[in-house]
Amino acid sequence: MKIIELEIKTSKQMEMLDITPQINKALQENNIAEGICCIYSPHTTCGLMINEHADPTVVQDIMETLNRLVPVNGSYRHLEGNSHAHIKTVLVGSSVHLIIENTQLRLGTWQGVFLCEFDGPRRRRVWIKTIKG
Amino acid sequence: MKIIELEIKTSKQMEMLDITPQINKALQENNIAEGICCIYSPHTTCGLMINEHADPTVVQDIMETLNRLVPVNGSYRHLEGNSHAHIKTVLVGSSVHLIIENTQLRLGTWQGVFLCEFDGPRRRRVWIKTIKG
Amino acid sequence: MKIIELEIKTSKQMEMLDITPQINKALQENNIAEGICCIYSPHTTCGLMINEHADPTVVQDIMETLNRLVPVNGSYRHLEGNSHAHIKTVLVGSSVHLIIENTQLRLGTWQGVFLCEFDGPRRRRVWIKTIKG
């Protein structure tokens with residue numbers, strides 16, 4: 001299958017955006033019924049994660065804990081001032097991999113797929129590659 | 001291939017259960033010889049990881065370090081009291097992806113696949129989706 | 001497709017080696033044009049990650065932060081003295097999953113695939129399994 005590219009505009013330095021609806025829309029438009037998909041962030045300061053999308057305080061707690069563990073203004077070597085964002089991206093990961101069923105992501109009841117912006121605001125891209133099966 | 005569902009009963013608030021035998025049994029019952037598989041946790045307070053299954057002190061050290069970094073009774077916004085479990089799930093991840101060879105997981109000598117319960121005890125599910133190739 | 005095995009020799013206790021060229025060379029030698037690939041570390045003290053390969057200070061900051069969060073000489077139960085390496089491997093992960101396009105990894109501009117040695121120096125292996133599609 002061809003690679004689908006989403007464009008996501010973030011509006012804060014750090015935020016986690018639920019992009020599940022955009023992914024499901026892309027699967028439907030491309031008529032991808034069953035298989036797996038690789039959802040991939042081609043950025044080094046912006047990752048992807050799966051977690052609760054029902055109560056927004058969960059995402060706030062995740063972000064605050066990441067900031068406590070990897071402070072924005074820590075002591076880093078990299079001179080661009082965004083080392084914290086690179087490290088947070090490594091901790092959450094650059095991709096998520098999900099099952100497709102009935103032309104949509106098969107997620108748990110409380111799960112959503114989040115773009116994790118750690119060095120915004122920026123225009124970000126997400127690549128979706130599906131494999132039938 | 002159809003999606004295989006395992007049911008795993010956890011018995012503690014936090015524990016890591018080696019589910020490699022159950023996964024291999026499912027691959028054999030479904031006669032899946034070669035390919036890759038996506039092993040997926042549909043929960044937001046329970047993840048999956050790959051690490052050493054020989055010496056149980058390794059898993060204890062992993063759990064104690066996760067508790068030091070993300071304390072159970074930290075200062076969190078989410079009112080259900082299990083924010084730590086959501087954050088730990090993000091750090092270990094909600095899925096693992098492995099190679100299948102000769103109708104079983106191709107793992108390193110010391111590796112096992114662990115269900116990481118962070119908010120138990122509960123009845124958990126694990127989904128397995130395989131792609132031949 | 002058959003499983004490709006790379007052999008990587010590390011030279012320090014902790015280091016992150018950009019193995020993108022070796023992976024792309026293997027994809028070309030095996031003539032794998034389009035699909036996805038699972039890049040897998042069969043070790044429990046050595047992981048894989050995706051992040052910036054342009055400025056080496058980024059990787060230094062990632063390693064120093066991992067050492068601050070999970071000290072080499074912390075208080076651990078496992079008697080082999082390398083618990084920190086197991087825990088770091090869990091935090092970065094044992095595999096990465098990428099899109100293949102035009103017989104090479106489709107990566108973002110600044111991204112490389114790194115072998116993360118946490119308990120070297122050693123001879124390490126990396127498995128590559130590709131699925132066409």
# chains A, B, ... in the order shown; residues from 1 in each chain; ligands from 1
call {"tool": "interface_residues", "arguments": {"of": "chain C", "to": "chain B", "cutoff": "7 Å", "atoms": "only C-alpha atoms", "output": "number ranges by chain"}}
result
C: 1, 42-44, 76-78, 83, 87, 90-91, 94, 129, 131
call {"tool": "residues_around", "arguments": {"residues": "Ile19 of chain B", "least_positions_apart": "6", "cutoff": "8 Å", "atoms": "only C-alpha atoms", "output": "ChimeraX atom specification"}}
result
/B:112-115
call {"tool": "write_last_selection", "arguments": {"atoms": "C-alpha atoms", "output": "PDB file, in the first residue's frame"}}
result
ATOM      1  CA  GLY B 112      10.930 -13.152  27.334  1.00  0.00           C
ATOM      2  CA  VAL B 113       7.789 -11.123  26.595  1.00  0.00           C
ATOM      3  CA  PHE B 114       6.260  -9.632  29.744  1.00  0.00           C
ATOM      4  CA  LEU B 115       2.825  -8.268  30.496  1.00  0.00           C
TER       5      LEU B 115
END
call {"tool": "calpha_fit_and_write", "arguments": {"fixed": "chain B", "moving": "chain A", "output": "compact mmCIF listing (two decimals) with N, CA and C atoms, in the first residue's frame"}}
result
# COMPACT_ATOMS: atom_id res chain seq x y z
N MET A 1 -4.45 -12.93 8.75
CA MET A 1 -4.74 -13.88 9.82
C MET A 1 -5.70 -13.25 10.84
N LYS A 2 -6.49 -14.08 11.43
CA LYS A 2 -7.41 -13.57 12.47
C LYS A 2 -6.63 -13.10 13.69
N ILE A 3 -7.27 -12.27 14.50
CA ILE A 3 -6.65 -11.76 15.72
C ILE A 3 -6.84 -12.80 16.82
N ILE A 4 -5.74 -13.13 17.50
CA ILE A 4 -5.80 -14.06 18.62
C ILE A 4 -5.88 -13.24 19.91
N GLU A 5 -6.75 -13.62 20.82
CA GLU A 5 -6.85 -12.90 22.09
C GLU A 5 -6.49 -13.82 23.25
N LEU A 6 -5.54 -13.37 24.06
CA LEU A 6 -5.19 -14.08 25.29
C LEU A 6 -5.87 -13.38 26.46
N GLU A 7 -6.22 -14.15 27.48
CA GLU A 7 -6.72 -13.53 28.70
C GLU A 7 -5.74 -13.85 29.81
N ILE A 8 -5.28 -12.82 30.51
CA ILE A 8 -4.26 -12.98 31.55
C ILE A 8 -4.83 -12.42 32.84
N LYS A 9 -4.79 -13.20 33.90
CA LYS A 9 -5.27 -12.73 35.20
C LYS A 9 -4.06 -12.31 36.03
N THR A 10 -4.02 -11.06 36.45
CA THR A 10 -2.90 -10.62 37.29
C THR A 10 -3.34 -10.71 38.75
N SER A 11 -2.37 -10.78 39.66
CA SER A 11 -2.72 -11.03 41.06
C SER A 11 -2.17 -9.98 42.03
N LYS A 12 -1.45 -8.97 41.49
CA LYS A 12 -0.89 -7.94 42.37
C LYS A 12 -1.16 -6.57 41.77
N GLN A 13 -0.89 -5.52 42.54
CA GLN A 13 -1.03 -4.17 41.99
C GLN A 13 -0.02 -3.96 40.85
N MET A 14 1.21 -4.38 41.11
CA MET A 14 2.24 -4.26 40.07
C MET A 14 2.94 -5.60 39.93
N GLU A 15 2.99 -6.11 38.73
CA GLU A 15 3.78 -7.32 38.50
C GLU A 15 4.07 -7.45 37.02
N MET A 16 5.11 -8.21 36.71
CA MET A 16 5.48 -8.45 35.33
C MET A 16 5.44 -9.96 35.10
N LEU A 17 4.55 -10.36 34.19
CA LEU A 17 4.31 -11.78 33.96
C LEU A 17 4.88 -12.19 32.61
N ASP A 18 5.70 -13.20 32.62
CA ASP A 18 6.26 -13.75 31.38
C ASP A 18 5.16 -14.50 30.63
N ILE A 19 4.72 -13.95 29.50
CA ILE A 19 3.64 -14.58 28.74
C ILE A 19 4.16 -15.24 27.46
N THR A 20 5.47 -15.43 27.37
CA THR A 20 6.05 -16.08 26.18
C THR A 20 5.42 -17.45 25.91
N PRO A 21 5.25 -18.31 26.93
CA PRO A 21 4.67 -19.64 26.62
C PRO A 21 3.26 -19.54 26.02
N GLN A 22 2.43 -18.64 26.55
CA GLN A 22 1.07 -18.50 26.00
C GLN A 22 1.11 -18.01 24.55
N ILE A 23 2.03 -17.09 24.25
CA ILE A 23 2.10 -16.59 22.87
C ILE A 23 2.55 -17.71 21.94
N ASN A 24 3.58 -18.44 22.31
CA ASN A 24 4.06 -19.54 21.46
C ASN A 24 2.99 -20.61 21.27
N LYS A 25 2.24 -20.91 22.32
CA LYS A 25 1.16 -21.89 22.21
C LYS A 25 0.11 -21.41 21.19
N ALA A 26 -0.22 -20.13 21.26
CA ALA A 26 -1.22 -19.58 20.32
C ALA A 26 -0.70 -19.64 18.89
N LEU A 27 0.59 -19.36 18.69
CA LEU A 27 1.16 -19.43 17.33
C LEU A 27 1.09 -20.86 16.80
N GLN A 28 1.35 -21.82 17.68
CA GLN A 28 1.32 -23.22 17.25
C GLN A 28 -0.11 -23.68 16.95
N GLU A 29 -1.04 -23.32 17.81
CA GLU A 29 -2.44 -23.72 17.59
C GLU A 29 -2.99 -23.14 16.28
N ASN A 30 -2.49 -21.94 15.93
CA ASN A 30 -2.98 -21.30 14.72
C ASN A 30 -2.08 -21.57 13.52
N ASN A 31 -1.04 -22.39 13.75
CA ASN A 31 -0.17 -22.84 12.68
C ASN A 31 0.45 -21.69 11.88
N ILE A 32 1.01 -20.75 12.62
CA ILE A 32 1.63 -19.58 11.99
C ILE A 32 3.15 -19.80 11.98
N ALA A 33 3.69 -20.05 10.79
CA ALA A 33 5.06 -20.54 10.70
C ALA A 33 6.11 -19.44 10.63
N GLU A 34 5.91 -18.46 9.73
CA GLU A 34 6.94 -17.44 9.47
C GLU A 34 6.26 -16.09 9.30
N GLY A 35 6.91 -15.04 9.80
CA GLY A 35 6.37 -13.70 9.61
C GLY A 35 6.73 -12.80 10.76
N ILE A 36 5.87 -11.82 11.01
CA ILE A 36 6.05 -10.96 12.18
C ILE A 36 4.76 -10.97 12.97
N CYS A 37 4.85 -10.59 14.24
CA CYS A 37 3.62 -10.46 15.00
C CYS A 37 3.64 -9.21 15.85
N CYS A 38 2.48 -8.62 15.95
CA CYS A 38 2.21 -7.46 16.79
C CYS A 38 1.48 -7.98 18.01
N ILE A 39 2.10 -7.81 19.19
CA ILE A 39 1.48 -8.23 20.45
C ILE A 39 1.06 -6.94 21.15
N TYR A 40 -0.23 -6.83 21.45
CA TYR A 40 -0.81 -5.52 21.77
C TYR A 40 -1.62 -5.56 23.06
N SER A 41 -1.38 -4.59 23.92
CA SER A 41 -2.19 -4.43 25.14
C SER A 41 -3.23 -3.34 24.91
N PRO A 42 -4.53 -3.70 24.99
CA PRO A 42 -5.57 -2.69 24.77
C PRO A 42 -5.89 -1.87 26.02
N HIS A 43 -5.01 -1.91 27.01
CA HIS A 43 -5.25 -1.22 28.29
C HIS A 43 -4.37 0.03 28.39
N THR A 44 -4.76 0.97 29.26
CA THR A 44 -3.96 2.18 29.41
C THR A 44 -3.14 2.19 30.71
N THR A 45 -3.27 1.13 31.51
CA THR A 45 -2.47 1.04 32.74
C THR A 45 -1.74 -0.30 32.81
N CYS A 46 -1.47 -0.87 31.67
CA CYS A 46 -0.84 -2.19 31.58
C CYS A 46 -0.13 -2.25 30.23
N GLY A 47 1.19 -2.45 30.23
CA GLY A 47 1.96 -2.44 29.00
C GLY A 47 2.60 -3.78 28.70
N LEU A 48 3.49 -3.77 27.75
CA LEU A 48 4.22 -4.97 27.36
C LEU A 48 5.69 -4.60 27.20
N MET A 49 6.58 -5.53 27.56
CA MET A 49 8.01 -5.27 27.35
C MET A 49 8.71 -6.58 27.06
N ILE A 50 9.92 -6.44 26.54
CA ILE A 50 10.80 -7.58 26.29
C ILE A 50 12.02 -7.38 27.20
N ASN A 51 12.35 -8.37 28.04
CA ASN A 51 13.61 -8.32 28.77
C ASN A 51 13.90 -9.70 29.36
N GLU A 52 14.85 -9.73 30.28
CA GLU A 52 15.35 -11.01 30.78
C GLU A 52 14.29 -11.78 31.57
N HIS A 53 14.15 -13.06 31.25
CA HIS A 53 13.20 -13.90 31.97
C HIS A 53 13.90 -14.99 32.79
N ALA A 54 15.24 -14.97 32.82
CA ALA A 54 15.97 -16.02 33.53
C ALA A 54 16.06 -15.71 35.02
N ASP A 55 16.56 -14.54 35.36
CA ASP A 55 16.75 -14.18 36.77
C ASP A 55 15.65 -13.18 37.18
N PRO A 56 14.77 -13.58 38.09
CA PRO A 56 13.63 -12.71 38.45
C PRO A 56 14.03 -11.40 39.13
N THR A 57 15.28 -11.29 39.60
CA THR A 57 15.68 -10.02 40.22
C THR A 57 15.77 -8.90 39.18
N VAL A 58 15.96 -9.26 37.91
CA VAL A 58 16.00 -8.21 36.87
C VAL A 58 14.64 -7.51 36.81
N VAL A 59 13.59 -8.28 36.75
CA VAL A 59 12.25 -7.71 36.69
C VAL A 59 11.94 -6.91 37.96
N GLN A 60 12.41 -7.39 39.10
CA GLN A 60 12.22 -6.62 40.35
C GLN A 60 12.93 -5.28 40.27
N ASP A 61 14.15 -5.27 39.74
CA ASP A 61 14.88 -4.01 39.61
C ASP A 61 14.19 -3.05 38.64
N ILE A 62 13.63 -3.59 37.57
CA ILE A 62 12.90 -2.75 36.61
C ILE A 62 11.69 -2.11 37.31
N MET A 63 10.94 -2.91 38.05
CA MET A 63 9.75 -2.38 38.72
C MET A 63 10.11 -1.37 39.78
N GLU A 64 11.15 -1.64 40.57
CA GLU A 64 11.54 -0.69 41.63
C GLU A 64 12.04 0.62 41.03
N THR A 65 12.76 0.54 39.93
CA THR A 65 13.24 1.78 39.30
C THR A 65 12.06 2.57 38.72
N LEU A 66 11.11 1.89 38.08
CA LEU A 66 9.92 2.59 37.58
C LEU A 66 9.17 3.26 38.74
N ASN A 67 9.11 2.59 39.90
CA ASN A 67 8.43 3.19 41.06
C ASN A 67 9.20 4.38 41.63
N ARG A 68 10.53 4.33 41.54
CA ARG A 68 11.32 5.47 42.01
C ARG A 68 11.12 6.67 41.07
N LEU A 69 11.11 6.41 39.75
CA LEU A 69 10.97 7.50 38.78
C LEU A 69 9.54 8.05 38.74
N VAL A 70 8.57 7.17 38.89
CA VAL A 70 7.15 7.54 38.77
C VAL A 70 6.42 6.96 40.00
N PRO A 71 6.49 7.65 41.13
CA PRO A 71 5.96 7.07 42.37
C PRO A 71 4.44 6.85 42.32
N VAL A 72 4.00 5.79 42.96
CA VAL A 72 2.56 5.49 43.04
C VAL A 72 1.82 6.67 43.65
N ASN A 73 2.36 7.22 44.75
CA ASN A 73 1.68 8.31 45.45
C ASN A 73 2.31 9.66 45.16
N GLY A 74 2.58 9.96 43.93
CA GLY A 74 3.11 11.26 43.55
C GLY A 74 2.01 12.30 43.53
N SER A 75 2.35 13.49 43.05
CA SER A 75 1.37 14.57 42.96
C SER A 75 0.83 14.60 41.53
N TYR A 76 -0.39 14.10 41.35
CA TYR A 76 -0.96 13.98 40.01
C TYR A 76 -2.33 14.68 39.97
N ARG A 77 -2.78 15.03 38.78
CA ARG A 77 -4.08 15.68 38.60
C ARG A 77 -5.23 14.68 38.49
N HIS A 78 -4.96 13.60 37.76
CA HIS A 78 -6.01 12.61 37.47
C HIS A 78 -6.54 12.03 38.78
N LEU A 79 -7.85 12.03 38.97
CA LEU A 79 -8.43 11.74 40.29
C LEU A 79 -8.60 10.26 40.59
N GLU A 80 -8.32 9.39 39.64
CA GLU A 80 -8.56 7.97 39.89
C GLU A 80 -7.42 7.31 40.68
N GLY A 81 -6.32 8.07 40.93
CA GLY A 81 -5.25 7.52 41.76
C GLY A 81 -4.31 6.58 41.03
N ASN A 82 -4.47 6.45 39.71
CA ASN A 82 -3.61 5.51 38.99
C ASN A 82 -2.80 6.19 37.87
N SER A 83 -2.55 7.49 38.04
CA SER A 83 -1.75 8.19 37.03
C SER A 83 -0.39 7.53 36.84
N HIS A 84 0.23 7.14 37.94
CA HIS A 84 1.54 6.48 37.84
C HIS A 84 1.47 5.30 36.87
N ALA A 85 0.37 4.58 36.88
CA ALA A 85 0.24 3.38 36.03
C ALA A 85 0.12 3.77 34.55
N HIS A 86 -0.58 4.86 34.28
CA HIS A 86 -0.66 5.35 32.89
C HIS A 86 0.75 5.74 32.40
N ILE A 87 1.48 6.45 33.25
CA ILE A 87 2.79 6.97 32.84
C ILE A 87 3.78 5.81 32.64
N LYS A 88 3.76 4.84 33.53
CA LYS A 88 4.64 3.67 33.37
C LYS A 88 4.31 2.92 32.08
N THR A 89 3.03 2.86 31.75
CA THR A 89 2.62 2.18 30.51
C THR A 89 3.20 2.90 29.30
N VAL A 90 3.21 4.24 29.34
CA VAL A 90 3.81 5.00 28.24
C VAL A 90 5.32 4.70 28.16
N LEU A 91 5.99 4.61 29.31
CA LEU A 91 7.44 4.40 29.29
C LEU A 91 7.81 3.00 28.76
N VAL A 92 7.06 1.98 29.12
CA VAL A 92 7.40 0.64 28.58
C VAL A 92 6.78 0.42 27.21
N GLY A 93 5.63 1.02 26.96
CA GLY A 93 4.96 0.86 25.66
C GLY A 93 3.79 -0.11 25.73
N SER A 94 2.87 0.04 24.78
CA SER A 94 1.65 -0.77 24.75
C SER A 94 1.75 -1.97 23.83
N SER A 95 2.86 -2.10 23.12
CA SER A 95 2.96 -3.24 22.21
C SER A 95 4.42 -3.64 22.03
N VAL A 96 4.62 -4.89 21.64
CA VAL A 96 5.93 -5.36 21.20
C VAL A 96 5.74 -6.08 19.88
N HIS A 97 6.84 -6.13 19.09
CA HIS A 97 6.74 -6.63 17.72
C HIS A 97 7.90 -7.56 17.51
N LEU A 98 7.57 -8.78 17.13
CA LEU A 98 8.61 -9.81 17.08
C LEU A 98 8.57 -10.57 15.77
N ILE A 99 9.66 -11.26 15.54
CA ILE A 99 9.80 -12.11 14.37
C ILE A 99 9.29 -13.52 14.74
N ILE A 100 8.55 -14.13 13.82
CA ILE A 100 8.10 -15.52 14.00
C ILE A 100 8.93 -16.40 13.07
N GLU A 101 9.45 -17.49 13.62
CA GLU A 101 10.25 -18.45 12.84
C GLU A 101 9.97 -19.84 13.39
N ASN A 102 9.70 -20.78 12.49
CA ASN A 102 9.41 -22.16 12.92
C ASN A 102 8.28 -22.22 13.94
N THR A 103 7.22 -21.46 13.66
CA THR A 103 6.00 -21.47 14.49
C THR A 103 6.25 -21.05 15.93
N GLN A 104 7.29 -20.23 16.16
CA GLN A 104 7.44 -19.63 17.49
C GLN A 104 8.16 -18.29 17.40
N LEU A 105 8.10 -17.52 18.48
CA LEU A 105 8.79 -16.24 18.53
C LEU A 105 10.28 -16.47 18.41
N ARG A 106 10.94 -15.66 17.61
CA ARG A 106 12.40 -15.71 17.55
C ARG A 106 12.94 -14.69 18.57
N LEU A 107 13.34 -15.19 19.71
CA LEU A 107 13.81 -14.33 20.81
C LEU A 107 15.28 -14.58 21.05
N GLY A 108 15.97 -13.61 21.69
CA GLY A 108 17.32 -13.85 22.16
C GLY A 108 17.30 -14.82 23.33
N THR A 109 18.47 -15.37 23.62
CA THR A 109 18.60 -16.42 24.65
C THR A 109 17.94 -16.07 25.97
N TRP A 110 18.11 -14.84 26.41
CA TRP A 110 17.63 -14.46 27.75
C TRP A 110 16.32 -13.69 27.72
N GLN A 111 15.74 -13.53 26.52
CA GLN A 111 14.55 -12.68 26.41
C GLN A 111 13.23 -13.41 26.62
N GLY A 112 12.32 -12.72 27.27
CA GLY A 112 10.93 -13.15 27.33
C GLY A 112 10.05 -11.94 27.09
N VAL A 113 8.78 -12.20 26.77
CA VAL A 113 7.80 -11.13 26.60
C VAL A 113 6.98 -11.03 27.89
N PHE A 114 6.94 -9.84 28.46
CA PHE A 114 6.27 -9.64 29.74
C PHE A 114 5.05 -8.74 29.61
N LEU A 115 3.95 -9.18 30.22
CA LEU A 115 2.83 -8.29 30.50
C LEU A 115 3.20 -7.49 31.74
N CYS A 116 3.11 -6.15 31.65
CA CYS A 116 3.49 -5.28 32.77
C CYS A 116 2.24 -4.71 33.41
N GLU A 117 1.79 -5.32 34.47
CA GLU A 117 0.61 -4.84 35.20
C GLU A 117 1.04 -3.72 36.13
N PHE A 118 0.41 -2.56 35.98
CA PHE A 118 0.73 -1.42 36.85
C PHE A 118 -0.46 -0.97 37.70
N ASP A 119 -1.62 -1.58 37.50
CA ASP A 119 -2.82 -1.15 38.25
C ASP A 119 -3.75 -2.33 38.46
N GLY A 120 -3.19 -3.39 39.02
CA GLY A 120 -3.95 -4.62 39.21
C GLY A 120 -4.36 -4.76 40.66
N PRO A 121 -4.83 -5.95 41.04
CA PRO A 121 -5.01 -7.09 40.13
C PRO A 121 -6.26 -6.94 39.27
N ARG A 122 -6.14 -7.44 38.04
CA ARG A 122 -7.25 -7.35 37.07
C ARG A 122 -7.17 -8.52 36.09
N ARG A 123 -8.22 -8.64 35.32
CA ARG A 123 -8.23 -9.55 34.19
C ARG A 123 -7.82 -8.72 32.96
N ARG A 124 -6.73 -9.09 32.31
CA ARG A 124 -6.20 -8.31 31.18
C ARG A 124 -6.30 -9.13 29.90
N ARG A 125 -6.34 -8.42 28.79
CA ARG A 125 -6.34 -9.08 27.49
C ARG A 125 -5.09 -8.68 26.71
N VAL A 126 -4.62 -9.58 25.88
CA VAL A 126 -3.51 -9.30 24.97
C VAL A 126 -3.94 -9.76 23.59
N TRP A 127 -3.78 -8.89 22.60
CA TRP A 127 -4.14 -9.23 21.22
C TRP A 127 -2.88 -9.58 20.44
N ILE A 128 -2.98 -10.61 19.62
CA ILE A 128 -1.86 -11.02 18.78
C ILE A 128 -2.33 -10.99 17.33
N LYS A 129 -1.63 -10.21 16.53
CA LYS A 129 -1.95 -10.17 15.09
C LYS A 129 -0.69 -10.54 14.34
N THR A 130 -0.78 -11.51 13.45
CA THR A 130 0.40 -11.96 12.72
C THR A 130 0.26 -11.63 11.24
N ILE A 131 1.40 -11.39 10.64
CA ILE A 131 1.46 -11.15 9.19
C ILE A 131 2.47 -12.14 8.63
N LYS A 132 2.03 -12.94 7.69
CA LYS A 132 2.93 -13.92 7.05
C LYS A 132 3.95 -13.23 6.16
N GLY A 133 5.10 -13.86 6.04
CA GLY A 133 6.04 -13.26 5.10
C GLY A 133 7.47 -13.61 5.45
